[in-house]
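**Q** Data: protein39.tsv, TSV, C-alpha atoms.
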chain	number	residue	atom	x	y	z
A	150	MET	CA	-20.94	-19.40	-12.33
A	151	LYS	CA	-18.92	-18.58	-15.42
A	152	LYS	CA	-17.88	-14.94	-15.62
A	153	PRO	CA	-19.46	-13.20	-18.63
A	154	SER	CA	-16.98	-12.15	-21.26
A	155	ILE	CA	-16.92	-9.40	-23.84
A	156	PRO	CA	-18.64	-10.70	-27.00
A	157	THR	CA	-16.84	-11.23	-30.29
A	158	PHE	CA	-16.72	-7.95	-32.16
A	159	LEU	CA	-17.44	-7.33	-35.80
A	160	SER	CA	-15.42	-5.32	-38.27
A	161	SER	CA	-15.03	-1.60	-37.69
A	162	PHE	CA	-17.99	0.54	-38.63
A	163	PRO	CA	-17.24	2.81	-41.60
A	164	ASP	CA	-18.25	5.98	-39.75
A	165	SER	CA	-15.66	5.50	-36.96
A	166	GLY	CA	-13.33	8.42	-36.54
A	167	THR	CA	-15.91	10.95	-37.70
A	168	LEU	CA	-15.00	14.41	-36.45
A	169	ARG	CA	-18.45	15.27	-35.14
A	170	PHE	CA	-18.04	12.92	-32.16
A	171	GLN	CA	-14.57	13.99	-31.04
A	172	ALA	CA	-15.91	16.17	-28.21
A	173	PHE	CA	-17.16	13.02	-26.45
A	174	ASP	CA	-13.53	12.11	-25.73
A	175	LEU	CA	-13.40	15.03	-23.29
A	176	LEU	CA	-16.14	13.51	-21.14
A	177	ALA	CA	-15.47	11.36	-18.08
A	178	THR	CA	-18.65	9.35	-18.60
A	179	LEU	CA	-18.79	6.38	-20.99
A	180	VAL	CA	-20.42	7.33	-24.29
A	181	ALA	CA	-21.31	5.36	-27.42
A	182	VAL	CA	-23.09	6.56	-30.52
A	183	VAL	CA	-25.07	3.66	-32.01
A	184	ARG	CA	-27.48	2.83	-34.77
A	185	THR	CA	-30.89	1.90	-33.45
A	186	ASN	CA	-30.11	-1.68	-34.49
A	187	GLY	CA	-27.38	-1.65	-31.78
A	188	CYS	CA	-24.34	-1.26	-34.02
A	189	VAL	CA	-21.68	1.07	-32.53
A	190	VAL	CA	-20.77	4.09	-34.63
A	191	PHE	CA	-18.42	5.71	-32.13
A	192	ALA	CA	-17.00	4.90	-28.67
A	193	ASN	CA	-15.27	7.56	-26.57
A	194	ALA	CA	-11.97	7.11	-24.71
A	195	ALA	CA	-13.67	6.57	-21.35
A	196	LEU	CA	-15.70	3.64	-22.72
A	197	GLU	CA	-12.58	2.22	-24.32
A	198	ASP	CA	-10.80	2.31	-20.93
A	199	ALA	CA	-13.78	0.80	-19.11
A	200	LEU	CA	-14.23	-2.14	-21.49
A	201	GLY	CA	-10.51	-2.79	-21.63
A	202	THR	CA	-10.44	-3.07	-25.41
A	203	SER	CA	-9.60	-0.79	-28.31
A	204	ARG	CA	-11.98	1.67	-29.92
A	205	ARG	CA	-11.43	0.08	-33.30
A	206	THR	CA	-12.66	-3.21	-31.89
A	207	ILE	CA	-15.69	-1.66	-30.18
A	208	GLU	CA	-16.84	0.33	-33.20
A	209	GLY	CA	-18.93	-1.84	-35.47
A	210	SER	CA	-19.90	-4.22	-32.66
A	211	GLN	CA	-23.33	-4.75	-31.12
A	212	LEU	CA	-23.41	-2.59	-27.98
A	213	PRO	CA	-26.26	-4.55	-26.32
A	214	GLU	CA	-23.98	-7.60	-26.21
A	215	CYS	CA	-21.68	-5.67	-23.88
A	216	PHE	CA	-24.35	-5.85	-21.17
A	217	THR	CA	-25.33	-8.78	-18.99
A	218	GLU	CA	-28.96	-8.23	-20.08
A	219	PRO	CA	-28.68	-7.14	-23.72
A	220	HIS	CA	-32.43	-7.26	-24.41
A	221	ILE	CA	-33.07	-4.16	-22.26
A	222	LEU	CA	-30.85	-1.94	-24.40
A	223	LYS	CA	-32.24	-3.50	-27.59
A	224	HIS	CA	-35.77	-2.54	-26.56
A	225	ALA	CA	-34.60	0.93	-25.57
A	226	LEU	CA	-32.93	1.50	-28.95
A	227	GLU	CA	-36.02	0.24	-30.77
A	228	GLY	CA	-38.09	2.72	-28.77
A	229	ALA	CA	-35.68	5.54	-29.66
A	230	GLY	CA	-35.87	4.58	-33.33
A	231	SER	CA	-39.68	4.63	-33.34
A	232	ASN	CA	-39.80	7.98	-31.46
A	233	GLU	CA	-41.52	6.44	-28.43
A	234	PHE	CA	-39.38	8.63	-26.16
A	235	ALA	CA	-36.69	11.30	-26.31
A	236	ALA	CA	-34.60	9.78	-23.48
A	237	LEU	CA	-34.72	6.67	-21.30
A	238	ARG	CA	-32.81	5.83	-18.10
A	239	TYR	CA	-32.19	2.53	-16.35
A	240	ASP	CA	-29.51	0.73	-14.30
A	241	ALA	CA	-27.54	-2.17	-15.80
A	242	TRP	CA	-24.32	-4.19	-15.61
A	243	LEU	CA	-21.62	-3.55	-18.22
A	244	ARG	CA	-19.33	-6.44	-19.13
A	245	ARG	CA	-15.58	-5.79	-19.02
A	246	LEU	CA	-12.64	-7.76	-20.35
A	247	ASN	CA	-10.93	-9.69	-17.51
A	248	HIS	CA	-12.93	-7.83	-14.85
A	249	GLU	CA	-16.18	-8.24	-13.02
A	250	PRO	CA	-19.20	-6.49	-14.62
A	251	MET	CA	-19.50	-2.80	-13.74
A	252	PRO	CA	-22.77	-1.31	-12.41
A	253	VAL	CA	-23.78	1.66	-14.56
A	254	HIS	CA	-26.67	4.05	-14.98
A	255	VAL	CA	-27.61	4.03	-18.67
A	256	VAL	CA	-29.12	7.01	-20.50
A	257	VAL	CA	-30.40	6.41	-24.04
A	258	ALA	CA	-31.21	9.56	-26.00
A	259	GLN	CA	-32.10	10.35	-29.60
A	260	THR	CA	-29.83	12.44	-31.81
A	261	ASP	CA	-30.73	14.74	-34.67
A	262	THR	CA	-29.75	11.99	-37.10
A	263	PRO	CA	-32.56	9.51	-37.88
A	264	GLY	CA	-31.79	5.95	-36.86
A	265	GLU	CA	-29.05	7.01	-34.42
A	266	ALA	CA	-28.91	7.27	-30.62
A	267	ILE	CA	-26.45	8.24	-27.91
A	268	VAL	CA	-25.93	5.79	-25.06
A	269	GLU	CA	-24.31	7.34	-21.99
A	270	MET	CA	-23.16	5.06	-19.17
A	271	LEU	CA	-22.37	6.55	-15.76
A	272	PRO	CA	-20.49	4.12	-13.47
A	273	LEU	CA	-22.42	4.13	-10.20
A	274	GLU	CA	-19.20	3.94	-8.16
A	275	GLN	CA	-17.80	6.87	-10.12
A	276	GLN	CA	-20.99	8.85	-9.62
A	277	ALA	CA	-20.77	8.33	-5.87
A	278	LYS	CA	-17.11	9.37	-5.97
A	279	GLN	CA	-17.92	12.53	-7.92
A	280	ASP	CA	-20.67	13.41	-5.47
A	281	ARG	CA	-18.22	12.97	-2.59
A	282	GLU	CA	-15.61	15.13	-4.31
A	283	GLU	CA	-18.15	17.86	-5.01
A	284	ARG	CA	-19.11	17.86	-1.34
A	285	LEU	CA	-15.43	18.18	-0.37
A	286	ILE	CA	-14.93	21.12	-2.72
A	287	ASP	CA	-18.07	22.90	-1.55
A	288	GLN	CA	-17.14	22.19	2.06
A	289	ALA	CA	-13.62	23.58	1.58
A	290	GLN	CA	-14.99	26.76	0.01
A	291	ALA	CA	-17.43	27.21	2.89
A	292	ASN	CA	-14.62	26.55	5.38
A	293	LYS	CA	-12.47	29.15	3.68
A	294	GLU	CA	-15.11	31.86	3.99
A	295	LEU	CA	-15.98	30.86	7.56
A	296	ILE	CA	-12.34	30.88	8.69
A	297	ARG	CA	-11.58	34.20	7.06
A	298	ASN	CA	-14.62	35.95	8.51
A	299	LEU	CA	-14.28	34.37	11.95
A	300	ALA	CA	-10.58	35.16	12.19
A	301	HIS	CA	-11.14	38.82	11.34
A	302	GLU	CA	-13.96	39.06	13.91
A	303	ILE	CA	-11.70	37.60	16.61
A	304	LYS	CA	-8.53	39.51	15.71
A	305	ASN	CA	-9.69	43.04	16.54
A	306	PRO	CA	-11.10	42.38	20.05
A	307	LEU	CA	-8.00	40.36	20.92
A	308	GLY	CA	-5.77	43.36	20.46
A	309	GLY	CA	-7.97	45.39	22.78
A	310	ILE	CA	-8.05	42.66	25.44
A	311	ARG	CA	-4.27	42.31	25.43
A	312	GLY	CA	-3.69	46.04	25.54
A	313	ALA	CA	-6.14	46.48	28.41
A	314	ALA	CA	-4.45	43.68	30.35
A	315	GLN	CA	-1.05	45.31	29.91
A	316	LEU	CA	-2.37	48.66	31.17
A	317	LEU	CA	-4.06	46.96	34.11
A	318	GLN	CA	-0.83	45.20	34.99
A	319	MET	CA	0.91	48.56	35.33
A	320	GLU	CA	-1.70	49.78	37.84
A	321	ILE	CA	-2.09	46.81	40.18
A	322	GLY	CA	0.21	45.22	42.71
A	323	LYS	CA	2.69	42.50	41.90
A	324	ASP	CA	0.62	39.95	43.79
A	325	LEU	CA	-2.10	40.24	41.11
A	326	THR	CA	0.10	40.33	38.01
A	327	GLU	CA	-0.17	36.57	37.55
A	328	TYR	CA	-3.83	37.08	36.60
A	329	THR	CA	-3.03	39.71	33.99
A	330	GLN	CA	-0.25	37.46	32.69
A	331	VAL	CA	-2.83	34.71	32.15
A	332	ILE	CA	-4.96	37.14	30.11
A	333	ILE	CA	-1.96	38.26	28.04
A	334	HIS	CA	-0.74	34.70	27.52
A	335	GLU	CA	-4.18	33.46	26.39
A	336	ALA	CA	-4.63	36.48	24.13
A	337	ASP	CA	-1.27	35.70	22.49
A	338	ARG	CA	-2.27	32.05	22.09
A	339	LEU	CA	-5.51	33.03	20.37
A	340	GLN	CA	-3.63	35.54	18.21
A	341	SER	CA	-1.31	32.75	17.08
A	342	LEU	CA	-4.35	30.61	16.23
A	343	VAL	CA	-5.91	33.45	14.23
A	344	ASP	CA	-2.64	33.99	12.35
A	345	ARG	CA	-2.59	30.31	11.41
A	346	LEU	CA	-6.19	30.53	10.22
A	347	LEU	CA	-5.43	33.52	8.02
A	348	ALA	CA	-2.02	32.32	6.79
A	349	PRO	CA	-3.22	30.60	3.56
A	350	HIS	CA	-5.17	33.69	2.53
A	351	ARG	CA	-2.44	36.22	3.29
A	352	ARG	CA	0.57	34.58	1.73
A	353	PRO	CA	0.85	34.95	-2.06
A	354	HIS	CA	0.85	31.80	-4.17
A	355	LEU	CA	4.52	31.48	-5.22
A	356	VAL	CA	4.63	29.33	-8.34
A	357	GLY	CA	7.72	27.50	-9.52
A	358	ASP	CA	8.84	24.07	-10.73
A	359	VAL	CA	8.02	21.39	-8.14
A	360	ASN	CA	9.51	17.92	-7.86
A	361	ILE	CA	7.08	15.99	-5.67
A	362	HIS	CA	9.83	13.64	-4.46
A	363	GLU	CA	11.88	16.56	-3.14
A	364	VAL	CA	8.74	17.58	-1.23
A	365	CYS	CA	8.37	14.06	0.19
A	366	GLU	CA	12.04	13.85	1.15
A	367	ARG	CA	11.87	17.19	2.97
A	368	VAL	CA	8.81	16.04	4.94
A	369	ARG	CA	10.41	12.66	5.62
A	370	SER	CA	13.50	14.27	7.14
A	371	LEU	CA	11.40	16.60	9.32
A	372	ILE	CA	9.26	13.73	10.62
A	373	LEU	CA	12.26	11.53	11.41
A	374	VAL	CA	13.97	14.36	13.29
A	375	GLU	CA	10.93	14.65	15.57
A	376	PHE	CA	10.33	10.89	15.81
A	377	PRO	CA	13.80	9.33	15.51
A	378	LYS	CA	12.97	5.97	17.12
A	379	GLY	CA	10.20	3.46	16.53
A	380	LEU	CA	8.94	5.03	13.28
A	381	ARG	CA	9.80	3.84	9.78
A	382	VAL	CA	9.06	6.14	6.84
A	383	VAL	CA	8.90	4.08	3.64
A	384	ARG	CA	9.51	5.47	0.16
A	385	ASP	CA	7.50	3.99	-2.71
A	386	TYR	CA	8.16	6.42	-5.56
A	387	ASP	CA	7.42	6.46	-9.27
A	388	THR	CA	10.48	8.42	-10.35
A	389	SER	CA	9.06	9.01	-13.84
A	390	ILE	CA	6.58	11.61	-12.51
A	391	PRO	CA	7.41	14.94	-14.17
A	392	GLU	CA	7.87	18.27	-12.44
A	393	PHE	CA	4.86	20.58	-12.40
A	394	ARG	CA	4.16	24.21	-11.63
A	395	GLY	CA	3.19	24.87	-8.04
A	396	ASP	CA	4.04	26.40	-4.67
A	397	ARG	CA	6.69	24.13	-3.17
A	398	GLU	CA	6.42	25.50	0.37
A	399	GLN	CA	2.64	25.12	0.43
A	400	LEU	CA	2.89	21.50	-0.71
A	401	ILE	CA	5.58	20.75	1.87
A	402	GLN	CA	3.28	22.17	4.55
A	403	ALA	CA	0.30	20.18	3.27
A	404	VAL	CA	2.17	16.87	3.24
A	405	LEU	CA	3.84	17.66	6.58
A	406	ASN	CA	0.48	18.35	8.23
A	407	ILE	CA	-0.84	14.96	7.10
A	408	ALA	CA	2.33	13.05	7.99
A	409	HIS	CA	2.67	14.78	11.37
A	410	ASN	CA	-0.96	13.92	12.24
A	411	ALA	CA	-0.23	10.32	11.27
A	412	ALA	CA	2.90	10.19	13.43
A	413	GLN	CA	1.01	11.53	16.43
A	414	GLU	CA	-1.74	8.93	15.96
A	415	LEU	CA	0.97	6.24	15.84
A	416	ALA	CA	2.18	6.95	19.37
A	417	GLN	CA	1.52	3.43	20.66
A	418	HIS	CA	3.06	1.83	17.58
A	419	ILE	CA	6.13	4.07	17.92
A	420	THR	CA	6.53	2.90	21.50
A	421	ALA	CA	6.26	-0.71	20.28
A	422	GLY	CA	8.70	0.02	17.45
A	423	ASN	CA	6.39	-1.03	14.58
A	424	ALA	CA	5.03	2.31	13.35
A	425	THR	CA	5.09	2.85	9.57
A	426	ILE	CA	4.28	5.80	7.33
A	427	THR	CA	4.51	5.25	3.57
A	428	PHE	CA	4.91	7.91	0.90
A	429	ARG	CA	3.67	6.45	-2.39
A	430	THR	CA	3.64	8.38	-5.67
A	431	ARG	CA	1.88	7.28	-8.84
A	432	VAL	CA	0.57	8.77	-12.07
A	433	ALA	CA	-3.19	8.49	-12.61
A	434	ARG	CA	-4.46	8.59	-16.19
A	435	GLN	CA	-7.78	9.83	-17.53
A	436	ILE	CA	-8.97	10.79	-14.06
A	437	THR	CA	-11.84	13.02	-13.04
A	438	PHE	CA	-11.98	15.12	-9.91
A	439	GLY	CA	-13.31	18.55	-9.12
A	440	LYS	CA	-15.87	18.13	-11.97
A	441	LYS	CA	-13.02	18.11	-14.51
A	442	ARG	CA	-11.30	15.35	-16.47
A	443	TYR	CA	-7.49	15.29	-16.60
A	444	ARG	CA	-5.29	13.27	-18.87
A	445	LEU	CA	-2.63	12.92	-16.16
A	446	ALA	CA	-2.66	13.58	-12.43
A	447	LEU	CA	-0.27	13.05	-9.55
A	448	GLU	CA	-1.41	10.64	-6.84
A	449	LEU	CA	0.52	11.07	-3.60
A	450	HIS	CA	-0.52	8.62	-0.87
A	451	VAL	CA	0.43	9.15	2.77
A	452	ILE	CA	-0.38	5.81	4.40
A	453	ASP	CA	-0.03	4.83	8.05
A	454	ASN	CA	-0.73	1.67	10.06
A	455	GLY	CA	-2.36	3.50	12.96
A	456	PRO	CA	-5.75	3.04	14.60
A	457	GLY	CA	-7.64	4.85	11.84
A	458	VAL	CA	-9.86	7.91	11.81
A	459	PRO	CA	-12.67	7.68	14.39
A	460	ASP	CA	-16.04	6.97	12.77
A	461	SER	CA	-17.54	9.95	14.59
A	462	ILE	CA	-15.44	12.44	12.58
A	463	LYS	CA	-14.76	10.58	9.31
A	464	ASP	CA	-17.10	12.84	7.36
A	465	ARG	CA	-15.76	15.99	9.04
A	466	ILE	CA	-12.00	15.57	9.18
A	467	PHE	CA	-11.40	18.48	6.79
A	468	TYR	CA	-13.66	20.81	8.78
A	469	PRO	CA	-11.81	23.50	10.74
A	470	LEU	CA	-11.30	22.88	14.48
A	471	VAL	CA	-12.31	19.19	14.20
A	472	SER	CA	-9.70	16.90	15.73
A	473	GLY	CA	-9.71	13.27	16.84
A	474	ARG	CA	-6.78	13.88	19.19
A	475	GLU	CA	-6.95	15.51	22.58
A	476	GLY	CA	-5.21	18.87	22.44
A	477	GLY	CA	-5.23	19.00	18.63
A	478	SER	CA	-6.06	22.32	16.96
A	479	GLY	CA	-8.08	20.74	14.15
A	480	LEU	CA	-6.40	23.00	11.58
A	481	GLY	CA	-3.76	20.76	10.00
A	482	LEU	CA	-6.00	18.90	7.55
A	483	THR	CA	-8.09	21.99	6.81
A	484	LEU	CA	-4.97	23.92	5.80
A	485	ALA	CA	-3.63	20.93	3.83
A	486	GLN	CA	-6.87	20.73	1.84
A	487	THR	CA	-6.74	24.50	1.21
A	488	PHE	CA	-3.14	24.35	-0.06
A	489	VAL	CA	-3.84	21.39	-2.38
A	490	GLN	CA	-7.01	23.01	-3.74
A	491	GLN	CA	-4.95	26.08	-4.60
A	492	HIS	CA	-3.15	23.69	-6.97
A	493	HIS	CA	-6.54	22.70	-8.50
A	494	GLY	CA	-6.28	19.41	-6.61
A	495	LEU	CA	-8.05	17.53	-3.85
A	496	ILE	CA	-7.29	15.39	-0.80
A	497	GLU	CA	-9.32	12.24	-0.15
A	498	CYS	CA	-9.15	9.89	2.82
A	499	GLU	CA	-9.90	6.19	3.24
A	500	SER	CA	-9.45	4.81	6.72
A	501	ARG	CA	-9.92	1.62	8.68
A	502	PRO	CA	-8.10	0.27	11.73
A	503	GLY	CA	-4.53	-0.50	10.73
A	504	HIS	CA	-4.65	1.40	7.44
A	505	THR	CA	-5.29	5.10	6.82
A	506	ASP	CA	-4.62	6.49	3.33
A	507	PHE	CA	-4.65	10.21	2.58
A	508	LYS	CA	-4.53	10.62	-1.21
A	509	LEU	CA	-3.45	13.96	-2.70
A	510	LEU	CA	-4.54	14.43	-6.33
A	511	ILE	CA	-2.92	17.23	-8.36
A	512	PRO	CA	-3.22	17.71	-12.16
A	513	LEU	CA	-0.02	17.22	-14.16
A	514	PRO	CA	0.88	19.02	-17.38
Kindly present the structure from the file in C-alpha cells form.

**A**
Amino acid sequence: MKKPSIPTFLSSFPDSGTLRFQAFDLLATLVAVVRTNGCVVFANAALEDALGTSRRTIEGSQLPECFTEPHILKHALEGAGSNEFAALRYDAWLRRLNHEPMPVHVVVAQTDTPGEAIVEMLPLEQQAKQDREERLIDQAQANKELIRNLAHEIKNPLGGIRGAAQLLQMEIGKDLTEYTQVIIHEADRLQSLVDRLLAPHRRPHLVGDVNIHEVCERVRSLILVEFPKGLRVVRDYDTSIPEFRGDREQLIQAVLNIAHNAAQELAQHITAGNATITFRTRVARQITFGKKRYRLALELHVIDNGPGVPDSIKDRIFYPLVSGREGGSGLGLTLAQTFVQQHHGLIECESRPGHTDFKLLIPLP
C-alpha cells in the first residue's frame, strides 16, 4: 500500500504571523488555527515539527488534507462554523512527511472570531508518555515524604537500642558479649541506612557550572577501578552540549548509582568478558517532561547489555527499598531520581533482555 504523503500546500495565508497566536508556540501539543473552510491561519512550532515541514508552507493549506480521513475534520469544522457544538473530540491519523502517519486525539473548538476554529492534536504516544512522567514525578514526591518520615521515626529508637546494648555489655559476662555486639552492629547498620535515606534532604544543593562529560568520565573511572576486567565502558558523547548550572557531586552520585547497578547486573557477562556499559549524551530539542516544554534538554543514556529489569519490578524500580538483586538496598535508583529531580529533570527506563537504557533528562539553558 502506498504511504500517504503530505498534500501540496497553497500560498501562505495573509494572517500568518499574527501576534495573537504566538502563545501557542509555548505549548507541547500540536495546534492549528483554521478557517471553518479548513484553511490554516496559524500553525504552532510543535505542529511544524510533527509534520516535518515549515510553518510558512503549512499556513494557507487545507488542514483536513493532512489527515488520512480528511472528511471527518471537514464535517467537524462545518459543525463549528454553524454553532452545532462548542468543542468536538475524536481520534485520527495525521500524515507526516517521510514518516508513518501519527495517531492523534483531535480537539476542535470554536474561537471568539466568527468563521474560525482551533484544532488541537495530542499525539497518543506523547499523551501516554506524559502520563507516565506525571506518575514518576508524583511517585518520587511521595517517596521523598515517606523516606523522610520513616527515617526520622527509625532514627530515635535506634539510638536508644544501641545505648542500652552498650550498657548491658558492661554488666554481663564476656561469654554473652557476642550477643550485645550483634545488637550494636545491627543498630549501626540500620543507622547507616537511615543516614543514606536522609542524605539528599540534609545536604544543601551546591550549584555551579557542570560539564556532563566530566561527570561521565568521573563515573567511568570509578566503575573501571571496581570492575577492571571483562567490562567495557563505551563513550558516545556529543561534545557540543553546553555547561549548565547544577550540583556536580549530586549528578556524579546519580550516574554512579545507575552505572554501578548495571555493572552488578552484568556479573555473568563480566565473567564471560563481553559486558558493555555505554554513556551516550545528546541534545533533545522542543521536549516536554514534568508538564513543561523545554527548548533544549540534556539526554544522558546509561545503556547496558545485561539481562534487563525483571518484569515484576519494572513499574516500581524507583520505589525505595525495591531491588531486583539479592542483597541490594533498593536505594540507588531512588536517590538517583531524587538528585535528578532536584535539577528539574527526570529519569526514565526502557528495558528488555540484552538492552537496558536509563535516560536522564535535564533542562539546558

**Q** In Å, how far is it from atom CA of Gln435 of chain A to atom CA of Ser500 of chain A?

**A**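 Here the two named atoms are 24.8 Å from each other.
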
**Q** Can you pull out the residues contacting Glu197 of chain A? Cut-off 10 Å, using only C-alpha atoms, and skip same-chain residues under 4 positions away; I want them as number ranges by chain.

**A** A: 179-181, 192-193, 201-207

**Q** May I have the selected residues written with C-alpha atoms, as an mmCIF file, in the frame of the given file?

**A**
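Result written to part36.cif:
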data_model
loop_
_atom_site.group_PDB
_atom_site.id
_atom_site.type_symbol
_atom_site.label_atom_id
_atom_site.label_comp_id
_atom_site.auth_asym_id
_atom_site.auth_seq_id
_atom_site.Cartn_x
_atom_site.Cartn_y
_atom_site.Cartn_z
ATOM 1 C CA LEU A 179 -18.790 6.380 -20.990
ATOM 2 C CA VAL A 180 -20.420 7.330 -24.290
ATOM 3 C CA ALA A 181 -21.310 5.360 -27.420
ATOM 4 C CA ALA A 192 -17.000 4.900 -28.670
ATOM 5 C CA ASN A 193 -15.270 7.560 -26.570
ATOM 6 C CA GLY A 201 -10.510 -2.790 -21.630
ATOM 7 C CA THR A 202 -10.440 -3.070 -25.410
ATOM 8 C CA SER A 203 -9.600 -0.790 -28.310
ATOM 9 C CA ARG A 204 -11.980 1.670 -29.920
ATOM 10 C CA ARG A 205 -11.430 0.080 -33.300
ATOM 11 C CA THR A 206 -12.660 -3.210 -31.890
ATOM 12 C CA ILE A 207 -15.690 -1.660 -30.180
#

**Q** I'd like the contact shell of segment 257-268 of chain A - 7 Å cut-off, all atoms listed in the file, skipping same-chain residues fewer than 4 positions apart - returned as an MDAnalysis selection string.

**A** chainID A and resid 180:185 229:230 235:238

**Q** Give the answer as one residue: which of A:Ser341, A:Glu218, A:Ala195, A:Pro213 has the shortest atom-to-atom distance to Pro272 of chain A, using only C-alpha atoms?

**A** A:Ala195

**Q** Quick one: residues within 12 Å of Ile361 of chain A, only C-alpha atoms, excluding same-chain residues fewer than 4 positions away - as a PyMOL selection string?

**A** chain A and resi 365-368+386-401+403-404+428-432+447-450+509-511+513

**Q** Identify which of the residues A:Gly187, A:Thr483, A:Pro502, A:Ala424 lies closest to Pro456 of chain A, counting only C-alpha atoms when measuring atom-to-atom distances.

**A**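 That would be A:Pro502, the residue with the smallest distance to Pro456 of chain A.
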
**Q** Can you pull out the residues contacting segment 412-417 of chain A? Cut-off 12 Å, using only C-alpha atoms, and skip same-chain residues under 5 positions away; I want them as a PyMOL selection string.

**A** chain A and resi 368-369+371-382+405-407+422-427+451-459+472-477+502-505

**Q** Please compute the atom CA of Gly308 of chain A-atom CA of Val343 of chain A distance, one decimal, in Å.

**A**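 Separation between atom CA of Gly308 of chain A and atom CA of Val343 of chain A: 11.7 Å.
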
**Q** What does the distance between atom CA of Asp344 of chain A and atom CA of Ile303 of chain A come to in Å, to one decimal place?

**A**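 Result for atom CA of Asp344 of chain A versus atom CA of Ile303 of chain A: 10.6 Å, one decimal.
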
**Q** Near Gln330 of chain A, counting only C-alpha atoms, which residues have an atom at most 9 Å away, once you skip same-chain residues fewer than 5 positions from it, shown as a PyMOL selection string?

**A** chain A and resi 314-315+318+335

**Q** May I have the protein, DNA and RNA residues with an atom at most 8 Å from (-20.8, -3.7, -32.0), counting all atoms listed in the file in the file's coordinates, returned as a PyMOL selection string?

**A** chain A and resi 158-159+187-189+207-214

**Q** Of the candidates A:Phe170, A:Phe507, A:Phe488, A:Phe234, which one gets nearest to Ala194 of chain A if we count only C-alpha atoms?

**A**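 The closest residue to Ala194 of chain A is A:Phe170.
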
**Q** Quick one: of A:Asp506, A:Asp198, A:Asp240, A:Glu249, who's nearest to Ala408 of chain A, counting all atoms listed in the file?

**A**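 Of the candidates, the smallest distance to Ala408 of chain A is held by A:Asp506.
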
**Q** Of the residues A:His254, A:His418, A:His248, A:Arg465, which is the one nearest to Ala199 of chain A, using all atoms listed in the file?

**A**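 Counting all atoms listed in the file, the residue closest to Ala199 of chain A is A:His248.
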
**Q** Hey, could you patch up segment 324-337 of chain A with N, CA and C atoms and hand it over as a CSV table (one decimal), in the coordinates of the input?

**A**
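Written output follows (part39.csv):
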chain,number,residue,atom,x,y,z
A,324,ASP,N,1.3,41.2,43.4
A,324,ASP,CA,0.6,40.0,43.8
A,324,ASP,C,-0.5,39.6,42.9
A,325,LEU,N,-1.0,40.5,42.0
A,325,LEU,CA,-2.1,40.2,41.1
A,325,LEU,C,-1.7,40.1,39.7
A,326,THR,N,-0.4,40.3,39.4
A,326,THR,CA,0.1,40.3,38.0
A,326,THR,C,0.0,39.0,37.4
A,327,GLU,N,0.0,37.9,38.2
A,327,GLU,CA,-0.2,36.6,37.6
A,327,GLU,C,-1.5,36.4,36.8
A,328,TYR,N,-2.5,37.1,37.3
A,328,TYR,CA,-3.8,37.1,36.6
A,328,TYR,C,-3.8,37.8,35.3
A,329,THR,N,-3.1,39.0,35.3
A,329,THR,CA,-3.0,39.7,34.0
A,329,THR,C,-2.1,39.0,33.0
A,330,GLN,N,-1.1,38.3,33.5
A,330,GLN,CA,-0.2,37.5,32.7
A,330,GLN,C,-1.0,36.3,32.0
A,331,VAL,N,-2.0,35.7,32.7
A,331,VAL,CA,-2.8,34.7,32.2
A,331,VAL,C,-3.6,35.3,31.0
A,332,ILE,N,-4.2,36.5,31.2
A,332,ILE,CA,-5.0,37.1,30.1
A,332,ILE,C,-4.1,37.4,28.9
A,333,ILE,N,-2.9,37.9,29.2
A,333,ILE,CA,-2.0,38.3,28.0
A,333,ILE,C,-1.5,37.0,27.3
A,334,HIS,N,-1.2,36.0,28.1
A,334,HIS,CA,-0.7,34.7,27.5
A,334,HIS,C,-1.8,34.1,26.7
A,335,GLU,N,-3.1,34.1,27.1
A,335,GLU,CA,-4.2,33.5,26.4
A,335,GLU,C,-4.5,34.3,25.2
A,336,ALA,N,-4.4,35.6,25.3
A,336,ALA,CA,-4.6,36.5,24.1
A,336,ALA,C,-3.6,36.2,23.1
A,337,ASP,N,-2.3,36.0,23.5
A,337,ASP,CA,-1.3,35.7,22.5
A,337,ASP,C,-1.5,34.3,21.8
